[in-house]
$ cat coords.pdb   # PDB, C-alpha atoms and all ligand atoms
ATOM      1  CA  MET W   7       6.966  14.636  19.939  1.00  0.00           C
ATOM      2  CA  MET W   8       5.828  16.425  16.800  1.00  0.00           C
ATOM      3  CA  SER W   9       9.169  16.352  15.017  1.00  0.00           C
ATOM      4  CA  GLY W  10      10.793  13.222  13.705  1.00  0.00           C
ATOM      5  CA  ASN W  11      13.814  12.250  11.664  1.00  0.00           C
ATOM      6  CA  GLY W  12      12.074  12.999   8.399  1.00  0.00           C
ATOM      7  CA  SER W  13      12.540   9.617   6.779  1.00  0.00           C
ATOM      8  CA  VAL W  14       9.690   7.818   8.461  1.00  0.00           C
ATOM      9  CA  SER W  15       6.096   9.001   8.475  1.00  0.00           C
ATOM     10  CA  GLU W  16       5.109  10.676  11.722  1.00  0.00           C
ATOM     11  CA  ILE W  17       1.692   9.130  11.535  1.00  0.00           C
ATOM     12  CA  ARG W  18       1.756   5.841  13.400  1.00  0.00           C
ATOM     13  CA  PHE W  19      -1.116   3.654  14.473  1.00  0.00           C
ATOM     14  CA  ILE W  20      -2.278   1.075  16.902  1.00  0.00           C
ATOM     15  CA  VAL W  21      -5.099  -0.913  15.376  1.00  0.00           C
ATOM     16  CA  ASP W  22      -7.711  -2.397  17.696  1.00  0.00           C
ATOM     17  CA  HIS W  23      -8.728  -6.004  17.023  1.00  0.00           C
ATOM     18  CA  ASN W  24     -12.241  -4.901  16.024  1.00  0.00           C
ATOM     19  CA  VAL W  25     -10.775  -3.158  12.943  1.00  0.00           C
ATOM     20  CA  GLY W  26      -7.815  -5.505  12.550  1.00  0.00           C
ATOM     21  CA  LYS W  27      -7.887  -5.671   8.761  1.00  0.00           C
ATOM     22  CA  LEU W  28      -6.728  -2.076   8.616  1.00  0.00           C
ATOM     23  CA  ALA W  29      -3.284  -3.010   9.927  1.00  0.00           C
ATOM     24  CA  LYS W  30      -2.195  -4.782   6.742  1.00  0.00           C
ATOM     25  CA  TRP W  31      -3.484  -2.031   4.505  1.00  0.00           C
ATOM     26  CA  LEU W  32      -1.681   0.620   6.521  1.00  0.00           C
ATOM     27  CA  ARG W  33       1.579  -1.329   6.498  1.00  0.00           C
ATOM     28  CA  MET W  34       1.206  -1.743   2.784  1.00  0.00           C
ATOM     29  CA  MET W  35       0.977   2.050   2.510  1.00  0.00           C
ATOM     30  CA  GLY W  36       4.073   2.365   4.690  1.00  0.00           C
ATOM     31  CA  TYR W  37       2.430   3.439   7.924  1.00  0.00           C
ATOM     32  CA  ASP W  38       3.846   1.861  11.070  1.00  0.00           C
ATOM     33  CA  SER W  39       0.828   0.021  12.521  1.00  0.00           C
ATOM     34  CA  LEU W  40       0.688  -2.269  15.513  1.00  0.00           C
ATOM     35  CA  PHE W  41      -2.138  -4.738  15.887  1.00  0.00           C
ATOM     36  CA  PHE W  42      -3.660  -4.831  19.349  1.00  0.00           C
ATOM     37  CA  ASN W  43      -5.186  -8.178  20.231  1.00  0.00           C
ATOM     38  CA  GLY W  44      -5.322  -7.901  24.001  1.00  0.00           C
ATOM     39  CA  GLU W  45      -8.323  -7.706  26.266  1.00  0.00           C
ATOM     40  CA  ASP W  46      -7.198  -4.740  28.299  1.00  0.00           C
ATOM     41  CA  ASP W  47      -7.959  -1.452  26.534  1.00  0.00           C
ATOM     42  CA  SER W  48      -5.907   0.418  29.105  1.00  0.00           C
ATOM     43  CA  GLN W  49      -2.832  -1.356  27.852  1.00  0.00           C
ATOM     44  CA  MET W  50      -3.551  -0.166  24.312  1.00  0.00           C
ATOM     45  CA  VAL W  51      -4.101   3.373  25.554  1.00  0.00           C
ATOM     46  CA  ARG W  52      -0.822   3.352  27.489  1.00  0.00           C
ATOM     47  CA  GLN W  53       1.121   2.079  24.530  1.00  0.00           C
ATOM     48  CA  ALA W  54      -0.455   4.605  22.168  1.00  0.00           C
ATOM     49  CA  LEU W  55       0.473   7.431  24.539  1.00  0.00           C
ATOM     50  CA  ALA W  56       4.002   6.164  25.068  1.00  0.00           C
ATOM     51  CA  GLU W  57       4.712   5.714  21.354  1.00  0.00           C
ATOM     52  CA  GLY W  58       2.670   8.600  19.947  1.00  0.00           C
ATOM     53  CA  ARG W  59       0.308   6.332  18.041  1.00  0.00           C
ATOM     54  CA  ILE W  60      -3.209   7.049  16.830  1.00  0.00           C
ATOM     55  CA  ILE W  61      -5.756   4.486  18.011  1.00  0.00           C
ATOM     56  CA  LEU W  62      -8.120   3.088  15.400  1.00  0.00           C
ATOM     57  CA  THR W  63     -11.142   1.410  16.903  1.00  0.00           C
ATOM     58  CA  ARG W  64     -14.876   0.773  16.732  1.00  0.00           C
ATOM     59  CA  ASP W  65     -15.101   0.904  20.509  1.00  0.00           C
ATOM     60  CA  THR W  66     -16.942   4.051  21.590  1.00  0.00           C
ATOM     61  CA  GLY W  67     -15.727   3.515  25.150  1.00  0.00           C
ATOM     62  CA  ILE W  68     -12.226   4.469  24.136  1.00  0.00           C
ATOM     63  CA  MET W  69     -13.493   7.700  22.595  1.00  0.00           C
ATOM     64  CA  LYS W  70     -14.990   8.670  25.959  1.00  0.00           C
ATOM     65  CA  ARG W  71     -11.744   8.389  27.844  1.00  0.00           C
ATOM     66  CA  ARG W  72     -10.340  11.552  29.331  1.00  0.00           C
ATOM     67  CA  VAL W  73      -6.985  11.323  27.477  1.00  0.00           C
ATOM     68  CA  VAL W  74      -8.899  11.295  24.187  1.00  0.00           C
ATOM     69  CA  ASN W  75     -11.265  14.111  25.172  1.00  0.00           C
ATOM     70  CA  ASN W  76      -8.465  16.390  26.329  1.00  0.00           C
ATOM     71  CA  GLY W  77      -6.510  15.761  23.146  1.00  0.00           C
ATOM     72  CA  ARG W  78      -3.493  14.030  24.687  1.00  0.00           C
ATOM     73  CA  LEU W  79      -4.299  10.882  22.795  1.00  0.00           C
ATOM     74  CA  LYS W  80      -5.506  10.772  19.216  1.00  0.00           C
ATOM     75  CA  ALA W  81      -8.113   8.175  18.369  1.00  0.00           C
ATOM     76  CA  LEU W  82     -10.318   7.702  15.345  1.00  0.00           C
ATOM     77  CA  LEU W  83     -13.665   5.992  15.699  1.00  0.00           C
ATOM     78  CA  ILE W  84     -14.182   3.802  12.653  1.00  0.00           C
ATOM     79  CA  GLU W  85     -17.804   3.926  11.540  1.00  0.00           C
ATOM     80  CA  SER W  86     -18.315   1.036   9.163  1.00  0.00           C
ATOM     81  CA  GLU W  87     -18.086  -2.710   9.724  1.00  0.00           C
ATOM     82  CA  GLU W  88     -16.920  -3.158   6.175  1.00  0.00           C
ATOM     83  CA  PRO W  89     -13.112  -3.063   5.655  1.00  0.00           C
ATOM     84  CA  GLU W  90     -13.144  -1.089   2.394  1.00  0.00           C
ATOM     85  CA  ARG W  91     -15.335   1.617   3.890  1.00  0.00           C
ATOM     86  CA  GLN W  92     -13.170   1.641   7.007  1.00  0.00           C
ATOM     87  CA  MET W  93     -10.102   2.194   4.880  1.00  0.00           C
ATOM     88  CA  ARG W  94     -11.800   4.938   2.925  1.00  0.00           C
ATOM     89  CA  GLN W  95     -12.836   6.772   6.091  1.00  0.00           C
ATOM     90  CA  LEU W  96      -9.285   6.560   7.383  1.00  0.00           C
ATOM     91  CA  MET W  97      -7.659   7.712   4.142  1.00  0.00           C
ATOM     92  CA  THR W  98      -9.955  10.717   3.977  1.00  0.00           C
ATOM     93  CA  ALA W  99      -9.755  11.653   7.658  1.00  0.00           C
ATOM     94  CA  LEU W 100      -5.960  11.635   7.748  1.00  0.00           C
ATOM     95  CA  ASP W 101      -5.122  12.384   4.116  1.00  0.00           C
ATOM     96  CA  LEU W 102      -3.044   9.213   3.924  1.00  0.00           C
ATOM     97  CA  MET W 103      -2.528   9.152   0.157  1.00  0.00           C
ATOM     98  CA  LYS W 104      -0.235  12.181   0.222  1.00  0.00           C
ATOM     99  CA  ASP W 105       2.476  10.456   2.253  1.00  0.00           C
ATOM    100  CA  LEU W 106       2.653   6.950   0.814  1.00  0.00           C
ATOM    101  CA  ARG W 107       5.742   4.786   1.242  1.00  0.00           C
ATOM    102  CA  PRO W 108       4.647   1.475  -0.183  1.00  0.00           C
ATOM    103  CA  PHE W 109       7.000  -1.488  -0.076  1.00  0.00           C
ATOM    104  CA  THR W 110       8.751  -0.356   3.136  1.00  0.00           C
ATOM    105  CA  LEU W 111       7.115  -2.371   5.943  1.00  0.00           C
ATOM    106  CA  CYS W 112       6.489  -6.070   6.443  1.00  0.00           C
ATOM    107  CA  LEU W 113       2.777  -6.724   6.035  1.00  0.00           C
ATOM    108  CA  GLU W 114       2.889  -9.494   8.626  1.00  0.00           C
ATOM    109  CA  CYS W 115       4.992  -8.029  11.418  1.00  0.00           C
ATOM    110  CA  ASN W 116       5.300  -4.279  10.762  1.00  0.00           C
ATOM    111  CA  HIS W 117       9.103  -4.431  10.680  1.00  0.00           C
ATOM    112  CA  PRO W 118      10.966  -2.137   8.235  1.00  0.00           C
ATOM    113  CA  LEU W 119      12.062  -4.018   5.107  1.00  0.00           C
ATOM    114  CA  VAL W 120      15.598  -3.993   3.769  1.00  0.00           C
ATOM    115  CA  GLU W 121      16.649  -4.185   0.129  1.00  0.00           C
ATOM    116  CA  ARG W 122      18.052  -7.426  -1.210  1.00  0.00           C
ATOM    117  CA  SER W 123      19.874  -7.936  -4.463  1.00  0.00           C
ATOM    118  CA  HIS W 124      18.751 -10.365  -7.108  1.00  0.00           C
ATOM    119  CA  GLU W 125      21.660 -12.639  -6.190  1.00  0.00           C
ATOM    120  CA  GLU W 126      20.817 -12.595  -2.485  1.00  0.00           C
ATOM    121  CA  VAL W 127      17.343 -14.034  -2.985  1.00  0.00           C
ATOM    122  CA  LYS W 128      18.450 -16.822  -5.306  1.00  0.00           C
ATOM    123  CA  GLY W 129      16.888 -20.096  -4.164  1.00  0.00           C
ATOM    124  CA  ARG W 130      14.646 -18.277  -1.716  1.00  0.00           C
ATOM    125  CA  VAL W 131      11.916 -17.256  -4.152  1.00  0.00           C
ATOM    126  CA  PRO W 132      10.080 -19.378  -6.721  1.00  0.00           C
ATOM    127  CA  PRO W 133      12.041 -19.786  -9.987  1.00  0.00           C
ATOM    128  CA  TYR W 134       9.485 -17.898 -12.096  1.00  0.00           C
ATOM    129  CA  VAL W 135       9.687 -14.976  -9.660  1.00  0.00           C
ATOM    130  CA  TYR W 136      13.476 -15.012  -9.788  1.00  0.00           C
ATOM    131  CA  LYS W 137      13.330 -14.925 -13.554  1.00  0.00           C
ATOM    132  CA  THR W 138      10.879 -12.059 -13.852  1.00  0.00           C
ATOM    133  CA  GLN W 139      11.433  -9.781 -10.830  1.00  0.00           C
ATOM    134  CA  THR W 140      14.445  -7.590 -10.136  1.00  0.00           C
ATOM    135  CA  GLN W 141      13.482  -5.607  -7.014  1.00  0.00           C
ATOM    136  CA  TYR W 142      13.351  -7.424  -3.694  1.00  0.00           C
ATOM    137  CA  MET W 143      12.905  -6.516  -0.040  1.00  0.00           C
ATOM    138  CA  GLU W 144      13.331  -8.754   2.992  1.00  0.00           C
ATOM    139  CA  CYS W 145      11.873  -8.533   6.485  1.00  0.00           C
ATOM    140  CA  PRO W 146      14.759  -9.056   8.939  1.00  0.00           C
ATOM    141  CA  ALA W 147      12.278 -10.222  11.591  1.00  0.00           C
ATOM    142  CA  CYS W 148      10.290 -12.952   9.835  1.00  0.00           C
ATOM    143  CA  ARG W 149      12.565 -13.415   6.790  1.00  0.00           C
ATOM    144  CA  ARG W 150       9.722 -13.006   4.319  1.00  0.00           C
ATOM    145  CA  ILE W 151      10.829 -11.795   0.923  1.00  0.00           C
ATOM    146  CA  TYR W 152       8.707  -9.321  -0.990  1.00  0.00           C
ATOM    147  CA  TRP W 153       8.855  -8.425  -4.642  1.00  0.00           C
ATOM    148  CA  ARG W 154       6.872  -6.080  -6.796  1.00  0.00           C
ATOM    149  CA  GLY W 155       4.768  -8.826  -8.224  1.00  0.00           C
ATOM    150  CA  THR W 156       1.150  -9.033  -9.147  1.00  0.00           C
ATOM    151  CA  HIS W 157      -0.045  -9.212  -5.546  1.00  0.00           C
ATOM    152  CA  TRP W 158       1.529  -5.897  -4.679  1.00  0.00           C
ATOM    153  CA  GLU W 159       0.283  -4.262  -7.850  1.00  0.00           C
ATOM    154  CA  ALA W 160      -3.243  -5.477  -7.173  1.00  0.00           C
ATOM    155  CA  MET W 161      -3.172  -3.974  -3.689  1.00  0.00           C
ATOM    156  CA  THR W 162      -1.860  -0.670  -5.008  1.00  0.00           C
ATOM    157  CA  ARG W 163      -4.610  -0.518  -7.599  1.00  0.00           C
ATOM    158  CA  LYS W 164      -7.196  -1.240  -4.953  1.00  0.00           C
ATOM    159  CA  LEU W 165      -5.876   1.556  -2.757  1.00  0.00           C
ATOM    160  CA  GLU W 166      -6.003   3.990  -5.636  1.00  0.00           C
ATOM    161  CA  LYS W 167      -9.529   2.931  -6.392  1.00  0.00           C
ATOM    162  CA  LEU W 168     -10.571   3.392  -2.767  1.00  0.00           C
ATOM    163  CA  ALA W 169      -8.948   6.822  -2.659  1.00  0.00           C
ATOM    164  CA  GLY W 170     -10.873   7.869  -5.732  1.00  0.00           C
ATOM    165  CA  MET W 171     -14.240   6.612  -4.575  1.00  0.00           C
ATOM    166  CA  ASN W 172     -16.899   8.789  -3.029  1.00  0.00           C
ATOM    167  CA  ASP W 173     -19.966   8.015  -0.984  1.00  0.00           C
ATOM    168  CA  ASN W 174     -22.538   8.677  -3.704  1.00  0.00           C
TER     169      ASN W 174
HETATM  170 ZN    ZN R   1       8.053  -9.690   8.810  1.00  0.00          ZN
END
$ encode --input "coords.pdb" --output "structure tokens"
Amino acid sequence: MMSGNGSVSEIRFIVDHNVGKLAKWLRMMGYDSLFFNGEDDSQMVRQALAEGRIILTRDTGIMKRRVVNNGRLKALLIESEEPERQMRQLMTALDLMKDLRPFTLCLECNHPLVERSHEEVKGRVPPYVYKTQTQYMECPACRRIYWRGTHWEAMTRKLEKLAGMNDN
């Protein structure tokens, strides 16, 4: 399962509830990331194996599982409790900044976004947005419309800042 179709990043995640904030950040960067909110870790492990996803967790129990030890399943133990440090650890460990595809996944439901024309979003976005923004994407699952507004730019800047930070 090491080769893909080339258009989508091969790095995919399943994000444990104890590091749940990472899911939105990863989607924002264009990395397919499922949020796992169940009680049964075995279910998360099965899904990660079946879909070739890397588990992100703070649960050391998962790291001790045989499938992780023998390398069949990739898992990254997140060290910090603090979301920005978590993100920084992840970006460094997996070199995430080199394969960014921002503005491609829905931040809420992880579904791939599709382009919408200016005309198509008329009446569906606030008037001031319609007046000032030209590029739009829609999530076919939840129907949210995204545009390259200030929110997106702020998140991008924050990512760049995190990527440039060091531990000193
Ligand atoms: Zn959505």
$ atom_distance --input "coords.pdb" --atom1 "atom CA of Tyr134 of chain W" --atom2 "atom CA of Leu106 of chain W"
28.8 Å
$ atom_distance --input "coords.pdb" --atom1 "atom CA of Gly155 of chain W" --atom2 "atom CA of Tyr136 of chain W"
10.8 Å
$ resolve_selection --input "coords.pdb" --expression "the PyMOL selection byres (((not hetatm)) within 12 of (chain R and resi 1))" --output "MDAnalysis selection string"
chainID W and resid 30 33 110:120 143:152
$ atom_distance --input "coords.pdb" --atom1 "atom CA of Met35 of chain W" --atom2 "atom CA of Arg107 of chain W"
5.6 Å
$ resolve_selection --input "coords.pdb" --expression "the PyMOL selection byres (((chain W and resi 105) around 10) and not hetatm)" --output "list in words"
Val14, Ser15, Glu16, Ile17, Met35, Gly36, Tyr37, Asp101, Leu102, Met103, Lys104, Leu106, Arg107 and Pro108 of chain W
$ build_atoms --input "coords.pdb" --residues "segment 15-36 of chain W" --atoms "N, CA and C atoms" --output "short mmCIF file (atom, residue, chain, number, x, y, z; two decimals), in the frame of the given file"
data_model
loop_
_atom_site.label_atom_id
_atom_site.label_comp_id
_atom_site.auth_asym_id
_atom_site.auth_seq_id
_atom_site.Cartn_x
_atom_site.Cartn_y
_atom_site.Cartn_z
N SER W 15 7.31 8.22 8.26
CA SER W 15 6.10 9.00 8.48
C SER W 15 5.86 9.21 9.97
N GLU W 16 5.38 10.39 10.32
CA GLU W 16 5.11 10.68 11.72
C GLU W 16 3.77 10.09 12.15
N ILE W 17 2.98 9.71 11.19
CA ILE W 17 1.69 9.13 11.54
C ILE W 17 1.88 7.64 11.79
N ARG W 18 1.62 7.25 13.02
CA ARG W 18 1.76 5.84 13.40
C ARG W 18 0.47 5.42 14.08
N PHE W 19 0.18 4.13 13.98
CA PHE W 19 -1.12 3.65 14.47
C PHE W 19 -0.99 2.49 15.43
N ILE W 20 -2.06 2.34 16.22
CA ILE W 20 -2.28 1.08 16.90
C ILE W 20 -3.71 0.68 16.54
N VAL W 21 -3.84 -0.49 15.97
CA VAL W 21 -5.10 -0.91 15.38
C VAL W 21 -5.79 -1.91 16.31
N ASP W 22 -6.95 -1.54 16.79
CA ASP W 22 -7.71 -2.40 17.70
C ASP W 22 -8.18 -3.66 16.94
N HIS W 23 -8.35 -4.74 17.68
CA HIS W 23 -8.73 -6.00 17.02
C HIS W 23 -10.06 -5.92 16.28
N ASN W 24 -10.94 -5.00 16.70
CA ASN W 24 -12.24 -4.90 16.02
C ASN W 24 -12.16 -4.22 14.65
N VAL W 25 -11.00 -3.68 14.30
CA VAL W 25 -10.78 -3.16 12.94
C VAL W 25 -9.44 -3.69 12.40
N GLY W 26 -9.13 -4.92 12.80
CA GLY W 26 -7.82 -5.50 12.55
C GLY W 26 -7.35 -5.52 11.11
N LYS W 27 -8.29 -5.60 10.17
CA LYS W 27 -7.89 -5.67 8.76
C LYS W 27 -7.17 -4.41 8.30
N LEU W 28 -7.38 -3.33 9.01
CA LEU W 28 -6.73 -2.08 8.62
C LEU W 28 -5.21 -2.14 8.76
N ALA W 29 -4.73 -2.98 9.66
CA ALA W 29 -3.28 -3.01 9.93
C ALA W 29 -2.48 -3.35 8.67
N LYS W 30 -2.92 -4.37 7.94
CA LYS W 30 -2.19 -4.78 6.74
C LYS W 30 -2.22 -3.70 5.66
N TRP W 31 -3.37 -3.10 5.50
CA TRP W 31 -3.48 -2.03 4.50
C TRP W 31 -2.54 -0.87 4.84
N LEU W 32 -2.52 -0.51 6.10
CA LEU W 32 -1.68 0.62 6.52
C LEU W 32 -0.20 0.30 6.36
N ARG W 33 0.17 -0.93 6.68
CA ARG W 33 1.58 -1.33 6.50
C ARG W 33 1.93 -1.30 5.02
N MET W 34 0.99 -1.75 4.22
CA MET W 34 1.21 -1.74 2.78
C MET W 34 1.46 -0.32 2.28
N MET W 35 0.80 0.64 2.89
CA MET W 35 0.98 2.05 2.51
C MET W 35 2.24 2.65 3.14
N GLY W 36 2.85 1.90 4.05
CA GLY W 36 4.07 2.37 4.69
C GLY W 36 3.87 3.05 6.03
#
